[in-house]
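S.K.: Right, I'll just put the structure down here and ask away after.
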Amino acid sequence: MPTILVIDDNPAVATALEVLFSLHDLETRHAPSPAAGLALLDAEDVDLVVQDMNFSADTTSGDEGRELFAAIRARHPDLPVILLTAWTHLESAVELIKAGAADYVAKPWQDAKLLATVNNLLELAEARRELDQRRDGERRRRDDLARRYDLRGAVFADAASERVVALACQVARSELPVLVTGPNGSGKEKIAEIIQANSAVREGPFVTVNCGALPAELIEAELFGAEAGAYTGANKAREGKFEAADGGTLFLDEIGNLPPAGQMKLLRVLETGRFARLGSNRERQVKVRVVSATNADLPAMIREGAFREDLYYRLNTLELAMPPLAERPGDILPLAERFGAGGPPLSAAAASALQRHPWPGNVRELRNVIQRAQLLAAGPRIEVADLGLPKTAPVRQAPAREPEREQIEAALERAGGVIAQAASELGMSRQALYRRMERHGLKAS
């Protein structure tokens, strides 16, 4: 049962509120003074506070209420506080709303309106607690992953990234091939590093090959090696990446660029562990854990005849899909802080701009943006202009439109004058709604 603390020196007010709340399954605590109220808050769990603005006899300034609210805010910053105020204290109440008070209710109050305000705030508080609990749970899971596994310095805070990292740790001990899919710059190589670092061959070599950065005629020689004279310019025998990775892990990035002949050889190595260098008939035996990655649509390439279906199913025995950065927004600021470590911090506006940007270049683009901003920042903080983000770029989420006077009036009418409920409907904070109301000359009822 939710608990409401009423801080008011008038016993009649406290009794009336206790009766009202008890009829709606709300438990009430009463404190006759600010000191008693603060002491009770320290001793018990309270879900919401209803406080008066004056406590001493013949005092009408509202200063005591302001001091009490400041003290509650300092000790319990997330606790919702409703102000009980006479019309003479309306300006003071509005000032406290802007400072973070949940709402105010004028005396004498309307029971229905007060209950609506209380229930709405309790629902918002419960939702906030659930969100905090979920975030705490996610933080504990990340900490547990870091204790149990070598995460190779991976930075992530979004649940989508956590799932991929956790799965990478889980499959690392297997000897089966792993296919990591996702757009360019999303962090596929970091996932491959995590797999290697937690595998049974973590003490062995970790060799990477970017199949998209090599001419098609050289990829086979790069992977399997070549004897002298095997192709023009091959003046001496060379070891391939499979030999170099023997006893460890071979990471094949952009596997979709492998030509047909290379695909056939790769399939055989995956099945038997055996291959021959270009220009040689002697087969060599290796034991290599293969992790591959691609940003290509391999099933579409199979339908077009550009990629072997049997190789695809051999490569993706275990598939890990890394989402683009725009789909894991919780990672944006932690990554930005890592890339900017040691340099000027982000301003609040710059941090907001980073979260709105769609990041078509993913993590790689974010790193470049932060590194460039550090060079350009002239002040103590990185500002929006330092980021150099395109002004015409689409954002991940369109900003809320400024509500018109008629929309605000309609929302207030539907909410029965309950500011918190109207603000929630309009998609803004209570403080923001009060500012819009002042701008349009609207008074709270």
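Following the order of the structure tokens, first chain is A, next is B, and so on, with residues numbered from 1 inside each chain and ligands from 1 in the order they appear.
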Excluding A:Ala237 and residues on its chain fewer than 4 positions from it, collect all residues at most 9 Å away from it, counting only C-alpha atoms, and give them as a ChimeraX atom specification.
M.R.: /A:225-230
S.K.: Neighbours of A:Thr15 within 10 Å (only C-alpha atoms; same-chain residues fewer than 5 positions away dropped), as a PyMOL selection string?
M.R.: chain A and resi 6+10+20-21+28+30
S.K.: Could those residues be written to a file, using N, CA, C and O atoms, as a short mmCIF file (atom, residue, chain, number, x, y, z; two decimals), in the first residue's frame?
M.R.:
data_model
loop_
_atom_site.label_atom_id
_atom_site.label_comp_id
_atom_site.auth_asym_id
_atom_site.auth_seq_id
_atom_site.Cartn_x
_atom_site.Cartn_y
_atom_site.Cartn_z
N VAL A 6 1.84 13.59 5.15
CA VAL A 6 1.24 14.93 5.19
C VAL A 6 1.98 15.75 6.24
O VAL A 6 2.01 15.38 7.42
N ASN A 10 -1.89 21.95 10.89
CA ASN A 10 -3.32 21.98 11.17
C ASN A 10 -3.84 20.55 11.29
O ASN A 10 -3.94 19.84 10.29
N LEU A 20 -9.65 10.88 3.51
CA LEU A 20 -9.77 10.82 2.05
C LEU A 20 -8.89 9.72 1.47
O LEU A 20 -9.34 8.91 0.65
N PHE A 21 -7.64 9.69 1.89
CA PHE A 21 -6.69 8.73 1.32
C PHE A 21 -7.03 7.30 1.74
O PHE A 21 -6.88 6.36 0.95
N THR A 28 -1.57 6.91 5.30
CA THR A 28 -1.16 8.28 5.57
C THR A 28 -0.34 8.36 6.85
O THR A 28 -0.66 7.72 7.86
N HIS A 30 1.38 11.51 9.40
CA HIS A 30 1.22 12.94 9.64
C HIS A 30 2.39 13.47 10.45
O HIS A 30 2.81 12.85 11.43
#
S.K.: Name the residues in contact with stretch 343-354 of chain A at a cut-off of 7 Å, using only C-alpha atoms, excluding same-chain residues fewer than 2 positions from it; report them as number ranges by chain.
M.R.: A: 333, 340-341, 356-357, 374, 380-384
S.K.: Using the selection just defined, write its residues with C-alpha atoms as a PDB file, in the first residue's frame.
M.R.:
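What landed in out_14.pdb:
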ATOM      1  CA  LEU A 333      27.366   8.420 -24.373  1.00  0.00           C
ATOM      2  CA  GLY A 340      37.081  11.371 -25.329  1.00  0.00           C
ATOM      3  CA  ALA A 341      38.868  10.204 -22.185  1.00  0.00           C
ATOM      4  CA  ARG A 356      19.675  12.453 -31.560  1.00  0.00           C
ATOM      5  CA  HIS A 357      22.088  11.758 -34.429  1.00  0.00           C
ATOM      6  CA  GLN A 374      38.528  17.392 -29.118  1.00  0.00           C
ATOM      7  CA  PRO A 380      36.396  23.874 -21.377  1.00  0.00           C
ATOM      8  CA  ARG A 381      33.661  21.647 -22.846  1.00  0.00           C
ATOM      9  CA  ILE A 382      32.806  20.154 -26.216  1.00  0.00           C
ATOM     10  CA  GLU A 383      29.847  22.096 -27.626  1.00  0.00           C
ATOM     11  CA  VAL A 384      27.392  21.175 -30.380  1.00  0.00           C
TER      12      VAL A 384
END
S.K.: Write out as a list in words each polymer residue whose atoms come within 12 Å of A:His76, counting only C-alpha atoms; drop sequence neighbours fewer than 5 positions from it.
M.R.: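 Using only C-alpha atoms, the neighbours found are Leu38, Leu41, Asp42, Asp45, Val46, Asp47, Leu48, Val49, Leu68, Phe69, Ala70, Ala71, Val81, Gly100 and Ala101 of chain A.
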S.K.: Restricting the output to all heavy atoms, write the selected residues as a JSON list (two decimals), in the first residue's frame.
M.R.:
[["chain", "number", "residue", "atom", "x", "y", "z"],
["A", 38, "LEU", "N", 10.80, 15.82, 8.36],
["A", 38, "LEU", "CA", 12.11, 15.37, 7.91],
["A", 38, "LEU", "C", 12.58, 14.16, 8.71],
["A", 38, "LEU", "O", 13.19, 13.23, 8.16],
["A", 38, "LEU", "CB", 13.12, 16.51, 8.01],
["A", 38, "LEU", "CG", 12.86, 17.69, 7.05],
["A", 38, "LEU", "CD1", 13.81, 18.84, 7.36],
["A", 38, "LEU", "CD2", 13.02, 17.25, 5.60],
["A", 41, "LEU", "N", 10.74, 11.14, 7.44],
["A", 41, "LEU", "CA", 11.29, 10.71, 6.14],
["A", 41, "LEU", "C", 12.58, 9.92, 6.31],
["A", 41, "LEU", "O", 12.86, 9.00, 5.53],
["A", 41, "LEU", "CB", 11.54, 11.94, 5.26],
["A", 41, "LEU", "CG", 10.33, 12.56, 4.58],
["A", 41, "LEU", "CD1", 10.72, 13.84, 3.86],
["A", 41, "LEU", "CD2", 9.70, 11.59, 3.58],
["A", 42, "ASP", "N", 13.37, 10.29, 7.31],
["A", 42, "ASP", "CA", 14.62, 9.56, 7.56],
["A", 42, "ASP", "C", 14.35, 8.18, 8.16],
["A", 42, "ASP", "O", 15.17, 7.27, 8.02],
["A", 42, "ASP", "CB", 15.52, 10.36, 8.51],
["A", 42, "ASP", "CG", 16.10, 11.59, 7.85],
["A", 42, "ASP", "OD1", 16.15, 11.62, 6.60],
["A", 42, "ASP", "OD2", 16.51, 12.52, 8.56],
["A", 45, "ASP", "N", 9.92, 4.62, 4.89],
["A", 45, "ASP", "CA", 9.80, 4.73, 3.43],
["A", 45, "ASP", "C", 8.48, 5.42, 3.10],
["A", 45, "ASP", "O", 7.41, 4.99, 3.55],
["A", 45, "ASP", "CB", 9.84, 3.36, 2.77],
["A", 45, "ASP", "CG", 11.22, 2.73, 2.86],
["A", 45, "ASP", "OD1", 12.20, 3.48, 2.90],
["A", 45, "ASP", "OD2", 11.30, 1.49, 2.89],
["A", 46, "VAL", "N", 8.55, 6.47, 2.35],
["A", 46, "VAL", "CA", 7.37, 7.25, 1.96],
["A", 46, "VAL", "C", 7.35, 7.37, 0.44],
["A", 46, "VAL", "O", 8.40, 7.53, -0.19],
["A", 46, "VAL", "CB", 7.41, 8.65, 2.61],
["A", 46, "VAL", "CG1", 6.32, 9.54, 2.04],
["A", 46, "VAL", "CG2", 7.26, 8.54, 4.12],
["A", 47, "ASP", "N", 6.16, 7.28, -0.15],
["A", 47, "ASP", "CA", 6.04, 7.33, -1.60],
["A", 47, "ASP", "C", 5.74, 8.73, -2.13],
["A", 47, "ASP", "O", 6.02, 9.03, -3.28],
["A", 47, "ASP", "CB", 4.93, 6.37, -2.06],
["A", 47, "ASP", "CG", 5.27, 4.93, -1.71],
["A", 47, "ASP", "OD1", 6.19, 4.38, -2.32],
["A", 47, "ASP", "OD2", 4.61, 4.37, -0.81],
["A", 48, "LEU", "N", 5.13, 9.58, -1.29],
["A", 48, "LEU", "CA", 4.75, 10.90, -1.74],
["A", 48, "LEU", "C", 4.56, 11.81, -0.53],
["A", 48, "LEU", "O", 4.15, 11.34, 0.54],
["A", 48, "LEU", "CB", 3.46, 10.83, -2.57],
["A", 48, "LEU", "CG", 2.92, 12.10, -3.22],
["A", 48, "LEU", "CD1", 2.26, 11.75, -4.56],
["A", 48, "LEU", "CD2", 1.89, 12.79, -2.33],
["A", 49, "VAL", "N", 4.87, 13.09, -0.69],
["A", 49, "VAL", "CA", 4.71, 14.07, 0.40],
["A", 49, "VAL", "C", 3.70, 15.13, -0.02],
["A", 49, "VAL", "O", 3.73, 15.62, -1.16],
["A", 49, "VAL", "CB", 6.05, 14.75, 0.74],
["A", 49, "VAL", "CG1", 5.83, 15.91, 1.73],
["A", 49, "VAL", "CG2", 7.03, 13.73, 1.34],
["A", 68, "LEU", "N", 11.36, 23.93, 3.67],
["A", 68, "LEU", "CA", 11.05, 22.50, 3.83],
["A", 68, "LEU", "C", 11.22, 21.76, 2.51],
["A", 68, "LEU", "O", 11.82, 20.68, 2.46],
["A", 68, "LEU", "CB", 9.61, 22.34, 4.34],
["A", 68, "LEU", "CG", 9.09, 20.91, 4.40],
["A", 68, "LEU", "CD1", 9.97, 20.04, 5.29],
["A", 68, "LEU", "CD2", 7.63, 20.89, 4.88],
["A", 69, "PHE", "N", 10.69, 22.35, 1.42],
["A", 69, "PHE", "CA", 10.83, 21.68, 0.13],
["A", 69, "PHE", "C", 12.30, 21.51, -0.24],
["A", 69, "PHE", "O", 12.72, 20.45, -0.73],
["A", 69, "PHE", "CB", 10.11, 22.47, -0.97],
["A", 69, "PHE", "CG", 10.38, 21.93, -2.34],
["A", 69, "PHE", "CD1", 9.78, 20.76, -2.77],
["A", 69, "PHE", "CD2", 11.28, 22.56, -3.20],
["A", 69, "PHE", "CE1", 10.05, 20.24, -4.03],
["A", 69, "PHE", "CE2", 11.56, 22.05, -4.45],
["A", 69, "PHE", "CZ", 10.94, 20.89, -4.87],
["A", 70, "ALA", "N", 13.12, 22.54, -0.03],
["A", 70, "ALA", "CA", 14.55, 22.45, -0.34],
["A", 70, "ALA", "C", 15.22, 21.35, 0.46],
["A", 70, "ALA", "O", 16.07, 20.61, -0.06],
["A", 70, "ALA", "CB", 15.22, 23.80, -0.07],
["A", 71, "ALA", "N", 14.83, 21.20, 1.74],
["A", 71, "ALA", "CA", 15.42, 20.16, 2.58],
["A", 71, "ALA", "C", 15.01, 18.76, 2.11],
["A", 71, "ALA", "O", 15.83, 17.84, 2.07],
["A", 71, "ALA", "CB", 15.00, 20.36, 4.03],
["A", 81, "VAL", "N", 6.64, 15.70, -4.41],
["A", 81, "VAL", "CA", 6.11, 16.58, -3.36],
["A", 81, "VAL", "C", 4.99, 17.42, -3.94],
["A", 81, "VAL", "O", 5.17, 18.10, -4.95],
["A", 81, "VAL", "CB", 7.22, 17.50, -2.79],
["A", 81, "VAL", "CG1", 6.63, 18.45, -1.74],
["A", 81, "VAL", "CG2", 8.36, 16.68, -2.20],
["A", 100, "GLY", "N", 11.26, 21.78, -9.20],
["A", 100, "GLY", "CA", 11.16, 20.34, -9.13],
["A", 100, "GLY", "C", 10.01, 19.78, -8.33],
["A", 100, "GLY", "O", 9.88, 18.55, -8.22],
["A", 101, "ALA", "N", 9.18, 20.62, -7.70],
["A", 101, "ALA", "CA", 8.01, 20.10, -7.00],
["A", 101, "ALA", "C", 7.08, 19.41, -7.99],
["A", 101, "ALA", "O", 7.00, 19.80, -9.16],
["A", 101, "ALA", "CB", 7.28, 21.23, -6.27]]
S.K.: Record the distance separating atom CA of A:Thr208 and atom CA of A:Gly342, expressed in Å with one decimal.
M.R.: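 Rounded to one decimal, the two atoms are 29.7 Å apart.
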S.K.: Enumerate, in order of chain and increasing residue number, the residues of stretch 51-161 of chain A with an atom no farther than 10 Å from stretch 313-326 of chain A, each with its shortest atom pair and distance in Å to one decimal, counting only C-alpha atoms, as JSON lines.
M.R.:
{"residue": "A:Asp158", "atom": "CA", "partner": "A:Leu325", "partner_atom": "CA", "distance": 9.8}
{"residue": "A:Ala160", "atom": "CA", "partner": "A:Pro323", "partner_atom": "CA", "distance": 7.4}
{"residue": "A:Ser161", "atom": "CA", "partner": "A:Met322", "partner_atom": "CA", "distance": 7.3}
S.K.: Generate the output file for the selected residues, all heavy atoms, as a short mmCIF file (atom, residue, chain, number, x, y, z; two decimals), in the first residue's frame.
M.R.:
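This went into out_29.cif:
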data_model
loop_
_atom_site.label_atom_id
_atom_site.label_comp_id
_atom_site.auth_asym_id
_atom_site.auth_seq_id
_atom_site.Cartn_x
_atom_site.Cartn_y
_atom_site.Cartn_z
N ASP A 158 23.78 -0.53 -23.27
CA ASP A 158 22.47 -0.82 -23.82
C ASP A 158 22.18 -2.32 -23.71
O ASP A 158 23.07 -3.15 -23.89
CB ASP A 158 22.39 -0.38 -25.28
CG ASP A 158 20.97 -0.25 -25.77
OD1 ASP A 158 20.38 -1.28 -26.14
OD2 ASP A 158 20.45 0.87 -25.77
N ALA A 160 20.63 -4.20 -25.73
CA ALA A 160 20.85 -4.90 -27.01
C ALA A 160 22.31 -5.33 -27.14
O ALA A 160 22.61 -6.44 -27.58
CB ALA A 160 20.45 -4.01 -28.17
N SER A 161 23.24 -4.46 -26.75
CA SER A 161 24.66 -4.80 -26.81
C SER A 161 24.99 -5.87 -25.78
O SER A 161 25.77 -6.79 -26.04
CB SER A 161 25.52 -3.57 -26.55
OG SER A 161 25.25 -2.56 -27.47
#
S.K.: Would you mind listing what lies within 9 Å of stretch 276-286 of chain A as a list in words, with only C-alpha atoms counted and same-chain residues fewer than 2 positions away left out?
M.R.: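 Contacts, in chain order: Glu220, Ala221, Leu223, Phe224, Gly225, Ala226, Glu227, Ala228, Gly229, Ala230, Tyr231, Arg238, Glu239, Gly240, Phe242, Glu243, Ala245, Asp246, Gly247, Lys265, Val269, Thr272, Gly273, Arg274 and Val288 of chain A.
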S.K.: Go ahead and save the residues from that selection, with C-alpha atoms, as an mmCIF file, in the first residue's frame.
M.R.:
data_model
loop_
_atom_site.group_PDB
_atom_site.id
_atom_site.type_symbol
_atom_site.label_atom_id
_atom_site.label_comp_id
_atom_site.auth_asym_id
_atom_site.auth_seq_id
_atom_site.Cartn_x
_atom_site.Cartn_y
_atom_site.Cartn_z
ATOM 1 C CA GLU A 220 43.369 -17.136 -51.635
ATOM 2 C CA ALA A 221 47.096 -16.560 -51.291
ATOM 3 C CA LEU A 223 44.389 -17.147 -46.552
ATOM 4 C CA PHE A 224 46.134 -20.321 -47.646
ATOM 5 C CA GLY A 225 49.626 -19.206 -48.568
ATOM 6 C CA ALA A 226 51.455 -19.704 -51.876
ATOM 7 C CA GLU A 227 54.549 -21.372 -53.193
ATOM 8 C CA ALA A 228 57.156 -19.431 -55.151
ATOM 9 C CA GLY A 229 55.973 -18.836 -58.720
ATOM 10 C CA ALA A 230 52.318 -19.628 -57.898
ATOM 11 C CA TYR A 231 51.297 -16.246 -59.361
ATOM 12 C CA ARG A 238 54.691 -17.374 -48.207
ATOM 13 C CA GLU A 239 52.738 -18.595 -45.224
ATOM 14 C CA GLY A 240 48.984 -18.034 -45.280
ATOM 15 C CA PHE A 242 45.450 -20.262 -41.687
ATOM 16 C CA GLU A 243 48.973 -21.442 -40.925
ATOM 17 C CA ALA A 245 46.470 -18.895 -36.856
ATOM 18 C CA ASP A 246 47.180 -22.584 -36.166
ATOM 19 C CA GLY A 247 46.277 -23.264 -32.539
ATOM 20 C CA LYS A 265 38.757 -24.038 -50.163
ATOM 21 C CA VAL A 269 39.254 -26.316 -44.308
ATOM 22 C CA THR A 272 38.632 -31.235 -42.530
ATOM 23 C CA GLY A 273 41.199 -28.760 -41.242
ATOM 24 C CA ARG A 274 43.265 -29.464 -44.365
ATOM 25 C CA VAL A 288 41.891 -23.116 -36.204
#
S.K.: Record the distance separating atom CA of A:Gly427 and atom CA of A:Leu122, expressed in Å with one decimal.
M.R.: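 Pair atom CA of A:Gly427 / atom CA of A:Leu122 returns 17.7 Å.
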S.K.: Can you pull out every residue within 10 Å of A:Asp386, counting only C-alpha atoms, but drop anything in the same chain fewer than 6 positions away, and send it as a PDB file with all heavy atoms, in the first residue's frame?
M.R.:
ATOM      1  N   LEU A 346      31.813  16.586 -22.545  1.00  0.00           N
ATOM      2  CA  LEU A 346      30.700  17.037 -23.380  1.00  0.00           C
ATOM      3  C   LEU A 346      29.802  17.986 -22.601  1.00  0.00           C
ATOM      4  O   LEU A 346      29.513  17.757 -21.427  1.00  0.00           O
ATOM      5  CB  LEU A 346      29.870  15.845 -23.842  1.00  0.00           C
ATOM      6  CG  LEU A 346      30.506  14.857 -24.814  1.00  0.00           C
ATOM      7  CD1 LEU A 346      29.699  13.560 -24.823  1.00  0.00           C
ATOM      8  CD2 LEU A 346      30.566  15.446 -26.218  1.00  0.00           C
ATOM      9  N   ALA A 350      25.666  19.129 -26.236  1.00  0.00           N
ATOM     10  CA  ALA A 350      26.415  18.248 -27.133  1.00  0.00           C
ATOM     11  C   ALA A 350      26.030  16.797 -26.905  1.00  0.00           C
ATOM     12  O   ALA A 350      25.873  16.021 -27.861  1.00  0.00           O
ATOM     13  CB  ALA A 350      27.913  18.446 -26.931  1.00  0.00           C
ATOM     14  N   VAL A 369      33.973  11.513 -34.764  1.00  0.00           N
ATOM     15  CA  VAL A 369      33.340  12.769 -34.357  1.00  0.00           C
ATOM     16  C   VAL A 369      33.949  13.284 -33.051  1.00  0.00           C
ATOM     17  O   VAL A 369      34.277  14.473 -32.921  1.00  0.00           O
ATOM     18  CB  VAL A 369      31.815  12.584 -34.210  1.00  0.00           C
ATOM     19  CG1 VAL A 369      31.189  13.750 -33.430  1.00  0.00           C
ATOM     20  CG2 VAL A 369      31.163  12.469 -35.582  1.00  0.00           C
ATOM     21  N   ILE A 370      34.127  12.399 -32.086  1.00  0.00           N
ATOM     22  CA  ILE A 370      34.670  12.813 -30.791  1.00  0.00           C
ATOM     23  C   ILE A 370      36.128  13.240 -30.921  1.00  0.00           C
ATOM     24  O   ILE A 370      36.548  14.263 -30.346  1.00  0.00           O
ATOM     25  CB  ILE A 370      34.540  11.674 -29.767  1.00  0.00           C
ATOM     26  CG1 ILE A 370      33.058  11.379 -29.490  1.00  0.00           C
ATOM     27  CG2 ILE A 370      35.248  12.032 -28.464  1.00  0.00           C
ATOM     28  CD1 ILE A 370      32.277  12.546 -28.929  1.00  0.00           C
ATOM     29  N   ARG A 372      37.620  14.460 -33.537  1.00  0.00           N
ATOM     30  CA  ARG A 372      37.673  15.752 -34.229  1.00  0.00           C
ATOM     31  C   ARG A 372      37.218  16.875 -33.295  1.00  0.00           C
ATOM     32  O   ARG A 372      37.814  17.961 -33.274  1.00  0.00           O
ATOM     33  CB  ARG A 372      36.783  15.714 -35.473  1.00  0.00           C
ATOM     34  CG  ARG A 372      36.807  17.019 -36.282  1.00  0.00           C
ATOM     35  CD  ARG A 372      35.959  16.931 -37.531  1.00  0.00           C
ATOM     36  NE  ARG A 372      34.566  16.728 -37.241  1.00  0.00           N
ATOM     37  CZ  ARG A 372      33.871  15.645 -37.580  1.00  0.00           C
ATOM     38  NH1 ARG A 372      34.464  14.658 -38.236  1.00  0.00           N
ATOM     39  NH2 ARG A 372      32.589  15.531 -37.266  1.00  0.00           N
ATOM     40  N   ALA A 373      36.180  16.629 -32.502  1.00  0.00           N
ATOM     41  CA  ALA A 373      35.663  17.649 -31.593  1.00  0.00           C
ATOM     42  C   ALA A 373      36.697  18.034 -30.545  1.00  0.00           C
ATOM     43  O   ALA A 373      36.787  19.198 -30.154  1.00  0.00           O
ATOM     44  CB  ALA A 373      34.387  17.147 -30.918  1.00  0.00           C
ATOM     45  N   GLN A 374      37.493  17.081 -30.104  1.00  0.00           N
ATOM     46  CA  GLN A 374      38.528  17.392 -29.118  1.00  0.00           C
ATOM     47  C   GLN A 374      39.558  18.360 -29.695  1.00  0.00           C
ATOM     48  O   GLN A 374      40.085  19.215 -28.981  1.00  0.00           O
ATOM     49  CB  GLN A 374      39.214  16.106 -28.654  1.00  0.00           C
ATOM     50  CG  GLN A 374      38.359  15.274 -27.712  1.00  0.00           C
ATOM     51  CD  GLN A 374      39.114  14.099 -27.158  1.00  0.00           C
ATOM     52  OE1 GLN A 374      39.822  13.392 -27.880  1.00  0.00           O
ATOM     53  NE2 GLN A 374      38.991  13.867 -25.863  1.00  0.00           N
ATOM     54  N   LEU A 375      39.828  18.216 -30.970  1.00  0.00           N
ATOM     55  CA  LEU A 375      40.795  19.120 -31.602  1.00  0.00           C
ATOM     56  C   LEU A 375      40.206  20.514 -31.816  1.00  0.00           C
ATOM     57  O   LEU A 375      40.924  21.514 -31.752  1.00  0.00           O
ATOM     58  CB  LEU A 375      41.240  18.543 -32.954  1.00  0.00           C
ATOM     59  CG  LEU A 375      42.072  17.258 -32.908  1.00  0.00           C
ATOM     60  CD1 LEU A 375      42.321  16.751 -34.313  1.00  0.00           C
ATOM     61  CD2 LEU A 375      43.389  17.493 -32.190  1.00  0.00           C
ATOM     62  N   LEU A 376      38.894  20.582 -32.058  1.00  0.00           N
ATOM     63  CA  LEU A 376      38.267  21.856 -32.403  1.00  0.00           C
ATOM     64  C   LEU A 376      37.755  22.622 -31.192  1.00  0.00           C
ATOM     65  O   LEU A 376      37.541  23.835 -31.278  1.00  0.00           O
ATOM     66  CB  LEU A 376      37.102  21.614 -33.374  1.00  0.00           C
ATOM     67  CG  LEU A 376      37.471  21.010 -34.737  1.00  0.00           C
ATOM     68  CD1 LEU A 376      36.217  20.760 -35.552  1.00  0.00           C
ATOM     69  CD2 LEU A 376      38.436  21.914 -35.493  1.00  0.00           C
ATOM     70  N   ALA A 377      37.517  21.918 -30.078  1.00  0.00           N
ATOM     71  CA  ALA A 377      36.912  22.577 -28.918  1.00  0.00           C
ATOM     72  C   ALA A 377      37.819  23.683 -28.392  1.00  0.00           C
ATOM     73  O   ALA A 377      38.982  23.437 -28.055  1.00  0.00           O
ATOM     74  CB  ALA A 377      36.637  21.548 -27.819  1.00  0.00           C
ATOM     75  N   ALA A 378      37.289  24.896 -28.319  1.00  0.00           N
ATOM     76  CA  ALA A 378      38.066  26.039 -27.832  1.00  0.00           C
ATOM     77  C   ALA A 378      37.817  26.314 -26.362  1.00  0.00           C
ATOM     78  O   ALA A 378      38.628  26.963 -25.704  1.00  0.00           O
ATOM     79  CB  ALA A 378      37.726  27.291 -28.652  1.00  0.00           C
ATOM     80  N   GLY A 379      36.692  25.840 -25.844  1.00  0.00           N
ATOM     81  CA  GLY A 379      36.347  26.098 -24.453  1.00  0.00           C
ATOM     82  C   GLY A 379      36.619  24.905 -23.568  1.00  0.00           C
ATOM     83  O   GLY A 379      37.222  23.911 -23.992  1.00  0.00           O
TER      84      GLY A 379
END
